[in-house]
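For reference, the structure is listed below as structure tokens.
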Amino acid sequence: MSLRIAVPNKGSLSQSATDILREAGYRQREDSKQLTLIDTDNGVEFFYLRPRDIALYVGEGTLDVGITGRDLLRDSGAKADEVTGLGFGRSRFRFAGPLGVFSDLSQLAGARIATSYVGVVRSFLEEHGIEATVVRLDGAVETSIKLGVADVIADVVETGSTLRQAGLEVFGETILESEAVLVTRGGSVPSGFEVFKRRIEGVLVARSYVMMDYDIEEARVSAAVALTPGIEGPTIAPLHREGWVAVRAMVPRDGSQRLMDELYDIGARGILLTDIHACRL
Ligand SMILES: Nc1ncnc2c1ncn2[C@@H]1O[C@H](COP(=O)(O)OP(=O)(O)OP(=O)(O)O)[C@@H](O)[C@H]1O
Ligand SMILES: O=P(O)(O)OC[C@H]1O[C@H](OP(=O)(O)OP(=O)(O)O)[C@H](O)[C@@H]1O
Ligand SMILES: [Mg+2]
């Protein structure tokens with residue numbers, strides 16, 4: 001039987017989710033109205049669903065794996081577990097109010113809080129012993145204060161530009177740091193999942209590492225290798241030029257330019273960076 005995977009059909013996570021699946025070698029829909037897709041070659045079936053509903057399908061065991069937001073997973077209360085963060089759809093879930101009015105969580109007592117994430121907000125209030133009224137809205141919650149249905153909002157913040165436009169500012173601690181996550185049903189590992197997970201993790205590593213090549217005098221190799229230790233250890237091959245070697249190692253993408261400067265300073269030449277398309281470590 002094929003592995004059944006839930007993928008966001010719309011919204012902020014949808015495009016990045018299908019991108020990561022494509023990069024991992026899976027077929028993806030070409031038409032945004034398509035509801036399901038069977039990838040026979042890879043033994044998987046994709047179901048394009050509302051991201052908010054995905055944790056429920058996986059928690060019930062109807063589907064084996066899902067891609068959703070950590071905030072949506074928490075909010076659902078479904079019996080699905082986060083397996084790994086996927087590094088996209090990053091946001092913070094925050095309280096916000098009119099400029100200069102709120103500065104402290106204690107001011108939430110007795111307030112009306114508008115949100116689309118009632119589950120997340122209620123459990124936060126409970127944990128902090130705060131009594132407040134939660135107003136459930138479907139979206140555009142930033143406007144609810146001006147329209148008089150709430151005093152405060154709790155919502156997803158990415159760049160903060162929606163808040164700024166509404167004349168609001170965040171206050172209090174961050175309720176939740178979110179990103180897209182891979183979820184499965186608590187306690188069970190569906191057959192075929194290990195291969196799927198390895199492929200996705202391969203894409204994540206390929207995105208966060210680059211391949212570095214350079215030439216260096218043999219006498220300086222140990223200093224250079226200390227800077228680029230690689231995963232198992234760098235490949236070192238003789239160069240046709242007497243006393244020189246070629247070094248190849250995976251290095252983290254972040255800081256790779258600085259690393260090139262440092263290598264140059266200790267005598268490395270012909271330093272090249274190349275993208276990695278996929279990998280299995
Ligand atoms: N501006 C944003 N930046 C990053 N992630 C976001 C942003 N807005 C929503 N998300 C994330 O997307 C998920 C919500 O999915 P949803 O389909 O509601 O996305 P949406 O972009 O809000 O869609 P909709 O257009 O239906 O409101 C959550 O995990 C949330 O953290
Ligand atoms: O901090 P920013 O970069 O401005 O992004 C945050 C906004 O993005 C989402 O809204 P969305 O576009 O999904 O509309 P919605 O409120 O109707 O869900 C979210 O609900 C915030 O309103
Ligand atoms: Mg939204």
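Simple scheme: letters A, B, ... for chains in structure tokens order, numbers from 1 for residues in each chain, numbers from 1 for ligands in the order shown.
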Can you tell me which residues surround region 70-81 of chain A at a distance of at most 8 Å, considering only C-alpha atoms, apart from same-chain residues fewer than 2 positions away, and format the answer as an MDAnalysis selection string?
chainID A and resid 51:53 55:56 58:60 68 83 93 117:120 176:181 183:186
Could you write those residues out with C-alpha atoms, as a PDB file, in the first residue's frame?
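What ended up in out13.pdb:
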ATOM      1  CA  PRO A  51      -3.415  23.222   6.104  1.00  0.00           C
ATOM      2  CA  ARG A  52      -5.647  23.680   9.145  1.00  0.00           C
ATOM      3  CA  ASP A  53      -7.255  20.260   8.603  1.00  0.00           C
ATOM      4  CA  ALA A  55      -3.141  17.437  11.559  1.00  0.00           C
ATOM      5  CA  LEU A  56      -6.642  16.054  12.077  1.00  0.00           C
ATOM      6  CA  VAL A  58      -3.003  12.448  10.279  1.00  0.00           C
ATOM      7  CA  GLY A  59      -4.014  12.237  13.943  1.00  0.00           C
ATOM      8  CA  GLU A  60      -7.048  10.113  13.035  1.00  0.00           C
ATOM      9  CA  THR A  68       1.383  21.716   8.141  1.00  0.00           C
ATOM     10  CA  VAL A  83       8.759  14.731  13.210  1.00  0.00           C
ATOM     11  CA  PHE A  93       2.592  33.925  17.094  1.00  0.00           C
ATOM     12  CA  TYR A 117      -5.976  30.131  16.751  1.00  0.00           C
ATOM     13  CA  VAL A 118      -8.388  29.657  19.649  1.00  0.00           C
ATOM     14  CA  GLY A 119      -6.713  26.426  20.850  1.00  0.00           C
ATOM     15  CA  VAL A 120      -3.245  27.977  21.067  1.00  0.00           C
ATOM     16  CA  LEU A 176       4.938  30.252  19.696  1.00  0.00           C
ATOM     17  CA  GLU A 177       7.744  30.105  17.103  1.00  0.00           C
ATOM     18  CA  SER A 178       6.279  28.392  14.081  1.00  0.00           C
ATOM     19  CA  GLU A 179       7.463  26.895  10.799  1.00  0.00           C
ATOM     20  CA  ALA A 180       6.187  24.207   8.467  1.00  0.00           C
ATOM     21  CA  VAL A 181       6.604  20.761  10.016  1.00  0.00           C
ATOM     22  CA  VAL A 183       3.750  15.293  11.136  1.00  0.00           C
ATOM     23  CA  THR A 184       2.824  11.645  11.653  1.00  0.00           C
ATOM     24  CA  ARG A 185       0.384   9.955  13.969  1.00  0.00           C
ATOM     25  CA  GLY A 186       1.697   9.712  17.537  1.00  0.00           C
TER      26      GLY A 186
END
Could you give me the residues within 9 Å of ligand 2, counting only C-alpha atoms and all ligand atoms, as a PyMOL selection string?
chain A and resi 11-12+91-92+116+138-142+155-165
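Using only C-alpha atoms, the smallest distance between any of A:Ala132, A:Ile67, A:Leu13, A:Ile145 and Arg90 (chain A) comes from A:Leu13.
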Pick from A:Glu201, A:Gly148, A:Thr174, A:Ala24: nearest to Gly85 (chain A), with only C-alpha atoms counted?
A:Glu201
Going by DSSP on the backbone, which residues of region 94-166 of chain A come out as strand (DSSP E)? List them as a count of residues only.
19
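Across the structure, CA of Tyr214 (chain A) and CA of Gly87 (chain A) are spaced 29.4 Å apart.
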Point out the residue among A:Leu105, A:Val134, A:Ala237, A:Leu273 with the least atom-to-atom distance to Arg253 (chain A), counting only C-alpha atoms.
A:Leu273
Would you compute the distance between CA of Ser14 (chain A) and CA of Ile200 (chain A)? Give it in Å to one decimal.
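We find that CA of Ser14 (chain A) and CA of Ile200 (chain A) lie 15.8 Å from each other.
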Provide the CA of Gly89 (chain A) to atom 25 (O, counted along the ligand's line) of ligand 1 distance in Å, to one decimal place.
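Computing it gives 12.8 Å between the two atoms.
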Go through A:Leu182, A:Val205, A:Glu173, A:Gly167 and flag the residue nearest Ala17 (chain A), using only C-alpha atoms for the distances.
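Among the listed residues, the smallest separation from Ala17 (chain A) belongs to A:Leu182.
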Shell of 9 Å around region 225-230 of chain A, only C-alpha atoms, local chain residues under 2 positions omitted, as a list in words
Met212, Arg220, Val221, Ser222, Ala223, Glu232, Gly233, Pro234, Thr235, Val247, Arg248, Ala249, Met250, Val251, Leu259, Glu262 and Leu263 of chain A
Those residues with N, CA and C atoms, as a PDB file, in the first residue's frame please?
ATOM      1  N   MET A 212      32.385  22.862  -1.185  1.00  0.00           N
ATOM      2  CA  MET A 212      33.516  23.767  -1.367  1.00  0.00           C
ATOM      3  C   MET A 212      34.726  23.004  -1.897  1.00  0.00           C
ATOM      4  N   ARG A 220      50.112  23.350   4.151  1.00  0.00           N
ATOM      5  CA  ARG A 220      49.068  24.131   4.847  1.00  0.00           C
ATOM      6  C   ARG A 220      47.738  23.392   4.948  1.00  0.00           C
ATOM      7  N   VAL A 221      47.757  22.121   4.562  1.00  0.00           N
ATOM      8  CA  VAL A 221      46.498  21.366   4.517  1.00  0.00           C
ATOM      9  C   VAL A 221      45.835  21.259   5.895  1.00  0.00           C
ATOM     10  N   SER A 222      46.626  20.998   6.921  1.00  0.00           N
ATOM     11  CA  SER A 222      45.958  20.762   8.212  1.00  0.00           C
ATOM     12  C   SER A 222      45.243  22.028   8.702  1.00  0.00           C
ATOM     13  N   ALA A 223      45.835  23.192   8.472  1.00  0.00           N
ATOM     14  CA  ALA A 223      45.157  24.440   8.862  1.00  0.00           C
ATOM     15  C   ALA A 223      43.867  24.618   8.061  1.00  0.00           C
ATOM     16  N   GLU A 232      32.184  13.544   7.003  1.00  0.00           N
ATOM     17  CA  GLU A 232      32.990  12.404   7.473  1.00  0.00           C
ATOM     18  C   GLU A 232      34.468  12.794   7.513  1.00  0.00           C
ATOM     19  N   GLY A 233      34.822  13.823   6.753  1.00  0.00           N
ATOM     20  CA  GLY A 233      36.207  14.231   6.555  1.00  0.00           C
ATOM     21  C   GLY A 233      36.321  14.655   5.100  1.00  0.00           C
ATOM     22  N   PRO A 234      37.168  15.678   4.804  1.00  0.00           N
ATOM     23  CA  PRO A 234      37.244  16.154   3.424  1.00  0.00           C
ATOM     24  C   PRO A 234      37.969  15.166   2.506  1.00  0.00           C
ATOM     25  N   THR A 235      37.653  15.224   1.216  1.00  0.00           N
ATOM     26  CA  THR A 235      38.392  14.435   0.224  1.00  0.00           C
ATOM     27  C   THR A 235      39.637  15.225  -0.130  1.00  0.00           C
ATOM     28  N   VAL A 247      41.237  20.004  -2.258  1.00  0.00           N
ATOM     29  CA  VAL A 247      40.418  19.627  -1.102  1.00  0.00           C
ATOM     30  C   VAL A 247      38.950  19.833  -1.464  1.00  0.00           C
ATOM     31  N   ARG A 248      38.096  18.895  -1.054  1.00  0.00           N
ATOM     32  CA  ARG A 248      36.652  19.022  -1.316  1.00  0.00           C
ATOM     33  C   ARG A 248      35.910  18.675  -0.030  1.00  0.00           C
ATOM     34  N   ALA A 249      35.011  19.573   0.412  1.00  0.00           N
ATOM     35  CA  ALA A 249      34.259  19.316   1.651  1.00  0.00           C
ATOM     36  C   ALA A 249      32.917  20.041   1.613  1.00  0.00           C
ATOM     37  N   MET A 250      31.905  19.441   2.238  1.00  0.00           N
ATOM     38  CA  MET A 250      30.623  20.136   2.423  1.00  0.00           C
ATOM     39  C   MET A 250      30.800  21.128   3.562  1.00  0.00           C
ATOM     40  N   VAL A 251      30.259  22.340   3.381  1.00  0.00           N
ATOM     41  CA  VAL A 251      30.324  23.345   4.455  1.00  0.00           C
ATOM     42  C   VAL A 251      28.948  24.002   4.593  1.00  0.00           C
ATOM     43  N   LEU A 259      34.228  31.956   5.189  1.00  0.00           N
ATOM     44  CA  LEU A 259      35.135  30.814   5.140  1.00  0.00           C
ATOM     45  C   LEU A 259      36.057  30.910   3.919  1.00  0.00           C
ATOM     46  N   GLU A 262      38.785  33.308   4.701  1.00  0.00           N
ATOM     47  CA  GLU A 262      39.783  32.745   5.625  1.00  0.00           C
ATOM     48  C   GLU A 262      40.700  31.763   4.906  1.00  0.00           C
ATOM     49  N   LEU A 263      40.118  30.957   4.014  1.00  0.00           N
ATOM     50  CA  LEU A 263      40.925  29.991   3.267  1.00  0.00           C
ATOM     51  C   LEU A 263      41.914  30.726   2.366  1.00  0.00           C
TER      52      LEU A 263
END
Please return, as JSON, numbers by chain, all residues of region 37-224 of chain A that DSSP assigns to helix (DSSP H, G or I) on the basis of the backbone.
{"A": [40, 41, 42, 51, 52, 53, 54, 55, 56, 57, 58, 59, 70, 71, 72, 73, 74, 75, 76, 105, 106, 107, 108, 118, 119, 120, 121, 122, 123, 124, 125, 126, 127, 141, 142, 143, 144, 161, 162, 163, 164, 165, 193, 194, 195, 196, 197, 198, 199, 200, 201, 202, 203, 204, 205, 206, 207, 208, 218, 219, 220, 221, 222, 223, 224]}
Skipping near chain neighbours, those fewer than 4 positions away, what residues fall within 9 Å of Gly110 (chain A) using only C-alpha atoms, listed as a list of chain:residue names?
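My list of contacting residues is A:Ile130, A:Glu131, A:Ala132, A:Thr133.
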Would you output that residue set with C-alpha atoms, as a PDB file, in the first residue's frame?
ATOM      1  CA  ILE A 130      -5.116  34.653  32.782  1.00  0.00           C
ATOM      2  CA  GLU A 131      -8.906  34.985  32.450  1.00  0.00           C
ATOM      3  CA  ALA A 132      -9.918  36.629  29.190  1.00  0.00           C
ATOM      4  CA  THR A 133     -12.541  36.319  26.448  1.00  0.00           C
TER       5      THR A 133
END
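Counting only C-alpha atoms and comparing A:Asp104, A:Ala268, A:His240, A:His128, the residue that lies closest to Ala219 (chain A) is A:Ala268.
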